[in-house]
Amino acid sequence: MGFFADLLGGRSLDAVIERARRQLASGEFDDGLATVAKGLEKYPDAIVLRDVGQSIRRAKARAGMSTLLGRVESESDPEAFEQLIALYRETGMVAEMVRLTDRYVAEHSDREQPHLLRGEMALEDFFADLRARDGRLAIDHLLKAGALHPDSLKPRLQLAEIYFAIGADRALLGQAAAIERLAGEDEVVRPVVAALREAAKPAAAESVDALLAKVEVSGAMLRDPSTWSSRKRRGVAGEADGARLTRNLERLVRDEDVVEAVVIDRGGAAVVSVGESTLDAAAPAEGAAPSDESGLAGVARVVARTIKVSARELEMGSFRRCVVEGPFGVMVVADAAGGVVAAKGRRGTDPHRLAERLAVAVEGVRGRRS
Amino acid sequence: MKRILASLVETLGARGGMVVSRDGLPIASVVGKDAQVDRLAAMGAAILSDVKRSLDAAGMADFTQCEVAAEQGKVILVAAGPVYLLVLTGPRIEIGPGSVEIRSAARQIEKAAQLSPA
């Protein structure tokens, strides 16, 4: 062992992981993150190394949180609010992040930044679940941010995203005019303004709330803003994330207990499907409508569209996972960047173990909010 | 059934418990002040109708248990003969559908449901 370790100069994957873990244990977080980043350049598919990196980020965040929390409590310091919100975001503490942002808004309602942050979060939630309430919250905060800082481009672009998605064309044209005024000469912004103007077909009367409700009821956006905005890159179907996720799921399915894995994006479409489909296993039950998708894909879609929303309505916070067991085996559906990722194991599979393995497969592509 | 639910909720320190029909209709419930019966019932109905429909369409048998975990709690749904037991827990309770207390309550509810008139 010593000979090989010397030969490889500590550059094998095991050696890199070991070094990163040592740096985590001794509190050398920045060095640990540098080790992980360097290791991932050489071993981009190393799930364990990615996992160690996430542990280091969480440990680093925890170390900084108490100081920042103190500054928030004693001084209501806006900078501390923003740093702590960013830390919560980075470590996936979504409920804490939203609560702190609400408090930031309440304590600094005359500043643009808290409204912008809260508006962005609500916008993310809207594009994930298509709930009218989130859309209205996003619009209110982004309008307020725009009113507090009339020369700020960001809230205008985000308002344009949601107006475009729901078909609020009259409001969209208003934002397009504002965007043009602020950055009409910018070569990146100019085609965006042109695309917005081309798409907009304003009706005589327009109710944004009615359009939001229509999107919630139909479960689909009128138009996909990813054609001109960066919205698409945040989903599970993003090119880099999607390729890595597919590789991770293929590896998961190679395991003898896992028979199938799928990824459903925020719009309900199956973007990845690996392993054997359970569709051919049996005919539909009597009275049931025949389906051209597997049971796993169907259950994953139900979780993405209905159960995630129900969990939030029950004030259970952000959805984590759903485990369904029966004579067919075990299905685990987990959250993944707005969509869901699901795996089916044979009968007797330990659901917690399967959930853990799925979480590791998704690690690095889940919970990205920007 | 209410007595079984009350005992289960107290033992687990859960936010609420409910017995629902196979269609998702509430039959009995014991729910704390911080939980909303309607929304819990809606969650149960969504799981029972939509998940079952997906399984049926793929020719798969009914599920026997389902656990929805979120940041601030869990919803656990366990088959109890002709009905289902639904439990809503808080964020700090490390229990699942396989917990002794839940399995025991499900057995008692199954017996009670079989004894009660249709």
# chains A, B, ... in the order shown; residues from 1 in each chain; ligands from 1
call {"tool": "residues_around", "arguments": {"residues": "A:Pro327", "least_positions_apart": "6", "cutoff": "8 Å", "atoms": "only C-alpha atoms", "output": "ChimeraX atom specification"}}
result
/A:347 /B:61-64
call {"tool": "residues_around", "arguments": {"residues": "stretch 110-112 of chain B", "least_positions_apart": "2", "cutoff": "9 Å", "atoms": "only C-alpha atoms", "output": "ChimeraX atom specification"}}
result
/B:1,79-84,105-108,114-116
call {"tool": "write_last_selection", "arguments": {"atoms": "all heavy atoms", "output": "compact mmCIF listing (two decimals), in the first residue's frame"}}
result
# COMPACT_ATOMS: atom_id res chain seq x y z
N MET B 1 -62.37 3.93 17.06
CA MET B 1 -61.20 4.31 16.25
C MET B 1 -60.54 5.58 16.78
O MET B 1 -59.33 5.71 16.76
CB MET B 1 -61.61 4.53 14.80
CG MET B 1 -61.85 3.24 14.04
SD MET B 1 -62.05 3.55 12.30
CE MET B 1 -62.68 2.00 11.74
N ALA B 79 -51.87 0.85 5.12
CA ALA B 79 -53.10 0.09 4.90
C ALA B 79 -53.50 -0.60 6.20
O ALA B 79 -52.66 -1.19 6.88
CB ALA B 79 -52.90 -0.94 3.79
N ALA B 80 -54.80 -0.50 6.53
CA ALA B 80 -55.31 -1.16 7.74
C ALA B 80 -56.58 -1.90 7.34
O ALA B 80 -57.69 -1.46 7.66
CB ALA B 80 -55.59 -0.13 8.84
N GLY B 81 -56.43 -2.99 6.60
CA GLY B 81 -57.57 -3.75 6.12
C GLY B 81 -58.35 -2.94 5.10
O GLY B 81 -57.78 -2.45 4.11
N PRO B 82 -59.65 -2.69 5.38
CA PRO B 82 -60.47 -1.98 4.39
C PRO B 82 -60.25 -0.46 4.40
O PRO B 82 -60.83 0.25 3.59
CB PRO B 82 -61.90 -2.31 4.83
CG PRO B 82 -61.78 -2.58 6.30
CD PRO B 82 -60.43 -3.15 6.55
N VAL B 83 -59.48 0.03 5.35
CA VAL B 83 -59.25 1.48 5.45
C VAL B 83 -57.74 1.75 5.52
O VAL B 83 -56.93 0.83 5.47
CB VAL B 83 -59.94 2.07 6.71
CG1 VAL B 83 -61.44 1.98 6.59
CG2 VAL B 83 -59.44 1.37 7.98
N TYR B 84 -57.40 3.04 5.64
CA TYR B 84 -55.98 3.42 5.78
C TYR B 84 -55.80 4.27 7.03
O TYR B 84 -56.68 5.07 7.38
CB TYR B 84 -55.52 4.23 4.57
CG TYR B 84 -55.15 3.38 3.37
CD1 TYR B 84 -56.12 2.98 2.46
CD2 TYR B 84 -53.83 2.98 3.16
CE1 TYR B 84 -55.79 2.20 1.36
CE2 TYR B 84 -53.50 2.20 2.06
CZ TYR B 84 -54.47 1.82 1.17
OH TYR B 84 -54.14 1.05 0.08
N ALA B 105 -51.25 0.14 15.87
CA ALA B 105 -52.49 0.92 15.70
C ALA B 105 -53.21 0.50 14.43
O ALA B 105 -54.46 0.39 14.42
CB ALA B 105 -52.15 2.41 15.65
N ALA B 106 -52.46 0.23 13.35
CA ALA B 106 -53.08 -0.19 12.09
C ALA B 106 -53.82 -1.51 12.28
O ALA B 106 -54.93 -1.69 11.75
CB ALA B 106 -52.03 -0.31 10.99
N ARG B 107 -53.22 -2.43 13.05
CA ARG B 107 -53.88 -3.72 13.29
C ARG B 107 -55.19 -3.52 14.08
O ARG B 107 -56.22 -4.11 13.77
CB ARG B 107 -52.94 -4.66 14.05
CG ARG B 107 -52.18 -5.62 13.13
CD ARG B 107 -51.65 -6.82 13.90
NE ARG B 107 -50.82 -6.45 15.02
CZ ARG B 107 -49.51 -6.21 14.95
NH1 ARG B 107 -48.90 -6.30 13.78
NH2 ARG B 107 -48.83 -5.88 16.02
N GLN B 108 -55.11 -2.65 15.10
CA GLN B 108 -56.31 -2.40 15.90
C GLN B 108 -57.41 -1.75 15.06
O GLN B 108 -58.59 -2.08 15.18
CB GLN B 108 -55.97 -1.47 17.07
CG GLN B 108 -55.07 -2.12 18.12
CD GLN B 108 -54.70 -1.10 19.20
OE1 GLN B 108 -55.55 -0.48 19.78
NE2 GLN B 108 -53.41 -0.94 19.44
N GLN B 114 -63.36 -3.93 10.63
CA GLN B 114 -64.04 -5.15 10.22
C GLN B 114 -65.27 -5.43 11.08
O GLN B 114 -66.24 -6.03 10.64
CB GLN B 114 -63.08 -6.34 10.26
CG GLN B 114 -62.16 -6.34 9.05
CD GLN B 114 -60.95 -7.23 9.20
OE1 GLN B 114 -60.67 -7.72 10.31
NE2 GLN B 114 -60.22 -7.42 8.14
N LEU B 115 -65.19 -4.96 12.35
CA LEU B 115 -66.32 -5.18 13.27
C LEU B 115 -67.46 -4.20 13.03
O LEU B 115 -68.61 -4.50 13.26
CB LEU B 115 -65.85 -5.07 14.73
CG LEU B 115 -64.97 -6.22 15.22
CD1 LEU B 115 -64.45 -5.91 16.61
CD2 LEU B 115 -65.74 -7.53 15.23
N SER B 116 -67.09 -2.98 12.58
CA SER B 116 -68.13 -1.95 12.43
C SER B 116 -68.99 -2.25 11.20
O SER B 116 -68.50 -2.79 10.22
CB SER B 116 -67.50 -0.56 12.31
OG SER B 116 -66.70 -0.53 11.16
call {"tool": "interface_residues", "arguments": {"of": "chain B", "to": "chain A", "cutoff": "7 Å", "atoms": "only C-alpha atoms", "output": "ChimeraX atom specification"}}
result
/B:39-40,43,46,50-51,54-73
call {"tool": "write_last_selection", "arguments": {"atoms": "C-alpha atoms", "output": "mmCIF file, in the first residue's frame"}}
result
data_model
loop_
_atom_site.group_PDB
_atom_site.id
_atom_site.type_symbol
_atom_site.label_atom_id
_atom_site.label_comp_id
_atom_site.auth_asym_id
_atom_site.auth_seq_id
_atom_site.Cartn_x
_atom_site.Cartn_y
_atom_site.Cartn_z
ATOM 1 C CA ARG B 39 -55.472 19.728 4.289
ATOM 2 C CA LEU B 40 -54.372 16.475 5.905
ATOM 3 C CA MET B 43 -53.090 14.966 1.183
ATOM 4 C CA ALA B 46 -54.287 12.800 -3.233
ATOM 5 C CA ASP B 50 -53.582 9.669 -7.736
ATOM 6 C CA VAL B 51 -50.858 7.229 -6.689
ATOM 7 C CA SER B 54 -50.875 5.471 -11.573
ATOM 8 C CA LEU B 55 -50.171 2.021 -10.163
ATOM 9 C CA ASP B 56 -53.439 0.634 -11.563
ATOM 10 C CA ALA B 57 -52.709 2.048 -15.002
ATOM 11 C CA ALA B 58 -49.366 0.245 -15.032
ATOM 12 C CA GLY B 59 -51.014 -2.984 -13.898
ATOM 13 C CA MET B 60 -49.422 -2.856 -10.471
ATOM 14 C CA ALA B 61 -51.024 -3.829 -7.175
ATOM 15 C CA ASP B 62 -52.111 -1.308 -4.536
ATOM 16 C CA PHE B 63 -49.501 0.094 -2.196
ATOM 17 C CA THR B 64 -49.499 -0.993 1.424
ATOM 18 C CA GLN B 65 -47.717 2.008 2.874
ATOM 19 C CA CYS B 66 -46.558 5.444 1.803
ATOM 20 C CA GLU B 67 -44.372 7.979 3.577
ATOM 21 C CA VAL B 68 -44.045 11.621 2.486
ATOM 22 C CA ALA B 69 -41.114 13.337 4.203
ATOM 23 C CA ALA B 70 -40.616 17.105 4.204
ATOM 24 C CA GLU B 71 -38.421 19.516 6.106
ATOM 25 C CA GLN B 72 -40.892 20.058 8.934
ATOM 26 C CA GLY B 73 -42.606 16.705 9.195
#
call {"tool": "atom_distance", "arguments": {"atom1": "atom CA of B:Leu86", "atom2": "atom CA of B:Lys33"}}
result
16.8 Å
call {"tool": "atom_distance", "arguments": {"atom1": "atom CA of A:Arg21", "atom2": "atom CA of A:Ala359"}}
result
19.8 Å
call {"tool": "residues_around", "arguments": {"residues": "A:Arg156", "least_positions_apart": "2", "cutoff": "7 Å", "atoms": "only C-alpha atoms", "output": "PDB file with N, CA and C atoms, in the first residue's frame"}}
result
ATOM      1  N   GLY A 146     -38.634  46.888  -7.786  1.00  0.00           N
ATOM      2  CA  GLY A 146     -38.495  47.792  -8.929  1.00  0.00           C
ATOM      3  C   GLY A 146     -38.866  49.220  -8.567  1.00  0.00           C
ATOM      4  N   LEU A 153     -32.313  46.520 -13.157  1.00  0.00           N
ATOM      5  CA  LEU A 153     -32.767  45.706 -14.297  1.00  0.00           C
ATOM      6  C   LEU A 153     -33.315  44.339 -13.855  1.00  0.00           C
ATOM      7  N   LYS A 154     -32.711  43.800 -12.787  1.00  0.00           N
ATOM      8  CA  LYS A 154     -33.016  42.419 -12.404  1.00  0.00           C
ATOM      9  C   LYS A 154     -34.506  42.166 -12.117  1.00  0.00           C
ATOM     10  N   GLN A 158     -37.058  39.585 -14.207  1.00  0.00           N
ATOM     11  CA  GLN A 158     -37.776  38.484 -13.553  1.00  0.00           C
ATOM     12  C   GLN A 158     -39.288  38.652 -13.688  1.00  0.00           C
ATOM     13  N   LEU A 159     -39.745  39.895 -13.614  1.00  0.00           N
ATOM     14  CA  LEU A 159     -41.176  40.128 -13.853  1.00  0.00           C
ATOM     15  C   LEU A 159     -41.534  39.732 -15.283  1.00  0.00           C
ATOM     16  N   ALA A 160     -40.644  40.064 -16.219  1.00  0.00           N
ATOM     17  CA  ALA A 160     -40.897  39.690 -17.616  1.00  0.00           C
ATOM     18  C   ALA A 160     -41.000  38.172 -17.753  1.00  0.00           C
ATOM     19  N   GLN A 175     -43.045  45.877 -18.908  1.00  0.00           N
ATOM     20  CA  GLN A 175     -41.693  45.522 -18.444  1.00  0.00           C
ATOM     21  C   GLN A 175     -40.694  45.592 -19.597  1.00  0.00           C
ATOM     22  N   ILE A 179     -37.264  47.596 -19.513  1.00  0.00           N
ATOM     23  CA  ILE A 179     -35.969  46.929 -19.776  1.00  0.00           C
ATOM     24  C   ILE A 179     -35.229  47.662 -20.891  1.00  0.00           C
TER      25      ILE A 179
END
call {"tool": "residues_around", "arguments": {"residues": "A:Arg57", "least_positions_apart": "3", "cutoff": "8 Å", "atoms": "only C-alpha atoms", "output": "compact mmCIF listing (two decimals) with N, CA and C atoms, in the first residue's frame"}}
result
# COMPACT_ATOMS: atom_id res chain seq x y z
N PHE A 29 -11.56 24.25 6.25
CA PHE A 29 -12.63 24.12 5.27
C PHE A 29 -12.22 24.59 3.86
N LEU A 33 -12.14 22.31 0.58
CA LEU A 33 -12.92 22.58 -0.64
C LEU A 33 -12.01 22.65 -1.87
N GLY A 53 -17.39 17.00 -0.33
CA GLY A 53 -17.41 18.45 -0.60
C GLY A 53 -18.64 19.10 0.00
N GLN A 54 -19.78 18.43 -0.14
CA GLN A 54 -21.03 18.96 0.42
C GLN A 54 -20.94 19.02 1.95
N LYS A 60 -18.62 24.33 7.02
CA LYS A 60 -18.13 25.71 6.93
C LYS A 60 -19.29 26.69 7.19
N ALA A 61 -20.43 26.36 6.59
CA ALA A 61 -21.59 27.24 6.77
C ALA A 61 -22.02 27.29 8.23
N GLU A 90 -27.06 27.89 0.24
CA GLU A 90 -25.95 27.01 -0.17
C GLU A 90 -26.04 25.64 0.49
N THR A 91 -26.54 25.63 1.74
CA THR A 91 -26.58 24.36 2.47
C THR A 91 -27.94 23.68 2.38
call {"tool": "select_by_dssp", "arguments": {"residues": "chain B", "states": "helix (DSSP H, G or I)", "output": "VMD selection string"}}
result
chain B and resid 2 to 12 37 to 57 100 to 115
call {"tool": "write_last_selection", "arguments": {"atoms": "N, CA and C atoms", "output": "short mmCIF file (atom, residue, chain, number, x, y, z; two decimals), in the first residue's frame"}}
result
data_model
loop_
_atom_site.label_atom_id
_atom_site.label_comp_id
_atom_site.auth_asym_id
_atom_site.auth_seq_id
_atom_site.Cartn_x
_atom_site.Cartn_y
_atom_site.Cartn_z
N LYS B 2 -61.38 6.51 17.28
CA LYS B 2 -60.84 7.77 17.81
C LYS B 2 -59.92 7.49 18.99
N ARG B 3 -60.31 6.50 19.80
CA ARG B 3 -59.51 6.16 20.98
C ARG B 3 -58.14 5.62 20.54
N ILE B 4 -58.16 4.79 19.52
CA ILE B 4 -56.89 4.22 19.01
C ILE B 4 -56.01 5.36 18.47
N LEU B 5 -56.65 6.26 17.72
CA LEU B 5 -55.91 7.39 17.13
C LEU B 5 -55.33 8.29 18.23
N ALA B 6 -56.18 8.58 19.25
CA ALA B 6 -55.74 9.48 20.33
C ALA B 6 -54.54 8.88 21.04
N SER B 7 -54.61 7.57 21.28
CA SER B 7 -53.51 6.89 21.97
C SER B 7 -52.23 6.93 21.12
N LEU B 8 -52.39 6.69 19.83
CA LEU B 8 -51.23 6.71 18.92
C LEU B 8 -50.60 8.10 18.86
N VAL B 9 -51.44 9.11 18.71
CA VAL B 9 -50.95 10.49 18.60
C VAL B 9 -50.21 10.89 19.88
N GLU B 10 -50.78 10.48 21.01
CA GLU B 10 -50.15 10.82 22.29
C GLU B 10 -48.82 10.08 22.45
N THR B 11 -48.82 8.81 22.14
CA THR B 11 -47.59 8.00 22.30
C THR B 11 -46.46 8.56 21.43
N LEU B 12 -46.81 8.89 20.19
CA LEU B 12 -45.77 9.36 19.26
C LEU B 12 -45.45 10.84 19.41
N VAL B 37 -57.21 19.70 9.55
CA VAL B 37 -57.84 18.43 9.17
C VAL B 37 -58.08 18.37 7.65
N ASP B 38 -58.61 19.47 7.10
CA ASP B 38 -58.96 19.46 5.68
C ASP B 38 -57.76 19.19 4.80
N ARG B 39 -56.66 19.87 5.13
CA ARG B 39 -55.47 19.73 4.29
C ARG B 39 -54.84 18.34 4.44
N LEU B 40 -54.91 17.82 5.69
CA LEU B 40 -54.37 16.47 5.90
C LEU B 40 -55.21 15.47 5.12
N ALA B 41 -56.52 15.65 5.18
CA ALA B 41 -57.41 14.75 4.42
C ALA B 41 -57.15 14.87 2.92
N ALA B 42 -56.90 16.11 2.47
CA ALA B 42 -56.63 16.31 1.04
C ALA B 42 -55.36 15.60 0.61
N MET B 43 -54.35 15.66 1.48
CA MET B 43 -53.09 14.97 1.18
C MET B 43 -53.34 13.46 1.09
N GLY B 44 -54.10 12.92 2.06
CA GLY B 44 -54.42 11.49 2.05
C GLY B 44 -55.17 11.11 0.79
N ALA B 45 -56.14 11.94 0.44
CA ALA B 45 -56.94 11.64 -0.75
C ALA B 45 -56.09 11.70 -2.02
N ALA B 46 -55.16 12.68 -2.05
CA ALA B 46 -54.29 12.80 -3.23
C ALA B 46 -53.43 11.54 -3.38
N ILE B 47 -52.88 11.09 -2.26
CA ILE B 47 -52.03 9.89 -2.32
C ILE B 47 -52.88 8.69 -2.75
N LEU B 48 -54.03 8.55 -2.06
CA LEU B 48 -54.84 7.36 -2.32
C LEU B 48 -55.40 7.33 -3.73
N SER B 49 -55.86 8.47 -4.23
CA SER B 49 -56.47 8.43 -5.57
C SER B 49 -55.41 8.47 -6.67
N ASP B 50 -54.51 9.47 -6.61
CA ASP B 50 -53.58 9.67 -7.74
C ASP B 50 -52.50 8.59 -7.81
N VAL B 51 -51.92 8.25 -6.66
CA VAL B 51 -50.86 7.23 -6.69
C VAL B 51 -51.46 5.89 -7.10
N LYS B 52 -52.63 5.58 -6.53
CA LYS B 52 -53.26 4.29 -6.86
C LYS B 52 -53.62 4.23 -8.34
N ARG B 53 -54.09 5.37 -8.88
CA ARG B 53 -54.46 5.39 -10.30
C ARG B 53 -53.24 5.10 -11.18
N SER B 54 -52.10 5.70 -10.79
CA SER B 54 -50.88 5.47 -11.57
C SER B 54 -50.46 4.01 -11.50
N LEU B 55 -50.56 3.43 -10.31
CA LEU B 55 -50.17 2.02 -10.16
C LEU B 55 -51.14 1.12 -10.95
N ASP B 56 -52.43 1.43 -10.83
CA ASP B 56 -53.44 0.63 -11.56
C ASP B 56 -53.17 0.67 -13.06
N ALA B 57 -52.90 1.89 -13.56
CA ALA B 57 -52.71 2.05 -15.00
C ALA B 57 -51.52 1.25 -15.51
N VAL B 100 -43.32 0.22 15.43
CA VAL B 100 -44.17 -0.72 16.17
C VAL B 100 -45.51 -0.07 16.51
N GLU B 101 -45.45 1.18 16.96
CA GLU B 101 -46.68 1.87 17.39
C GLU B 101 -47.68 1.99 16.22
N ILE B 102 -47.15 2.34 15.05
CA ILE B 102 -48.04 2.54 13.89
C ILE B 102 -48.59 1.20 13.41
N ARG B 103 -47.72 0.19 13.37
CA ARG B 103 -48.19 -1.14 12.93
C ARG B 103 -49.27 -1.67 13.88
N SER B 104 -49.02 -1.46 15.19
CA SER B 104 -49.98 -1.93 16.19
C SER B 104 -51.32 -1.20 16.04
N ALA B 105 -51.25 0.14 15.87
CA ALA B 105 -52.49 0.92 15.70
C ALA B 105 -53.21 0.50 14.43
N ALA B 106 -52.46 0.23 13.35
CA ALA B 106 -53.08 -0.19 12.09
C ALA B 106 -53.82 -1.51 12.28
N ARG B 107 -53.22 -2.43 13.05
CA ARG B 107 -53.88 -3.72 13.29
C ARG B 107 -55.19 -3.52 14.08
N GLN B 108 -55.11 -2.65 15.10
CA GLN B 108 -56.31 -2.40 15.90
C GLN B 108 -57.41 -1.75 15.06
N ILE B 109 -57.01 -0.82 14.19
CA ILE B 109 -57.99 -0.14 13.34
C ILE B 109 -58.59 -1.13 12.34
N GLU B 110 -57.77 -2.02 11.84
CA GLU B 110 -58.26 -3.03 10.91
C GLU B 110 -59.35 -3.88 11.57
N LYS B 111 -59.07 -4.29 12.80
CA LYS B 111 -60.06 -5.10 13.53
C LYS B 111 -61.33 -4.29 13.77
N ALA B 112 -61.16 -3.04 14.21
CA ALA B 112 -62.33 -2.19 14.48
C ALA B 112 -63.14 -1.96 13.21
N ALA B 113 -62.46 -1.78 12.09
CA ALA B 113 -63.15 -1.51 10.83
C ALA B 113 -63.92 -2.75 10.37
N GLN B 114 -63.36 -3.93 10.63
CA GLN B 114 -64.04 -5.15 10.22
C GLN B 114 -65.27 -5.43 11.08
N LEU B 115 -65.19 -4.96 12.35
CA LEU B 115 -66.32 -5.18 13.27
C LEU B 115 -67.46 -4.20 13.03
#
call {"tool": "select_by_dssp", "arguments": {"residues": "chain B", "states": "strand (DSSP E)", "output": "count of residues only"}}
result
33
call {"tool": "residues_around", "arguments": {"residues": "A:Val16", "least_positions_apart": "2", "cutoff": "12 Å", "atoms": "only C-alpha atoms", "output": "ChimeraX atom specification"}}
result
/A:5,8-14,18-23,31-43,46,48-50,52-53
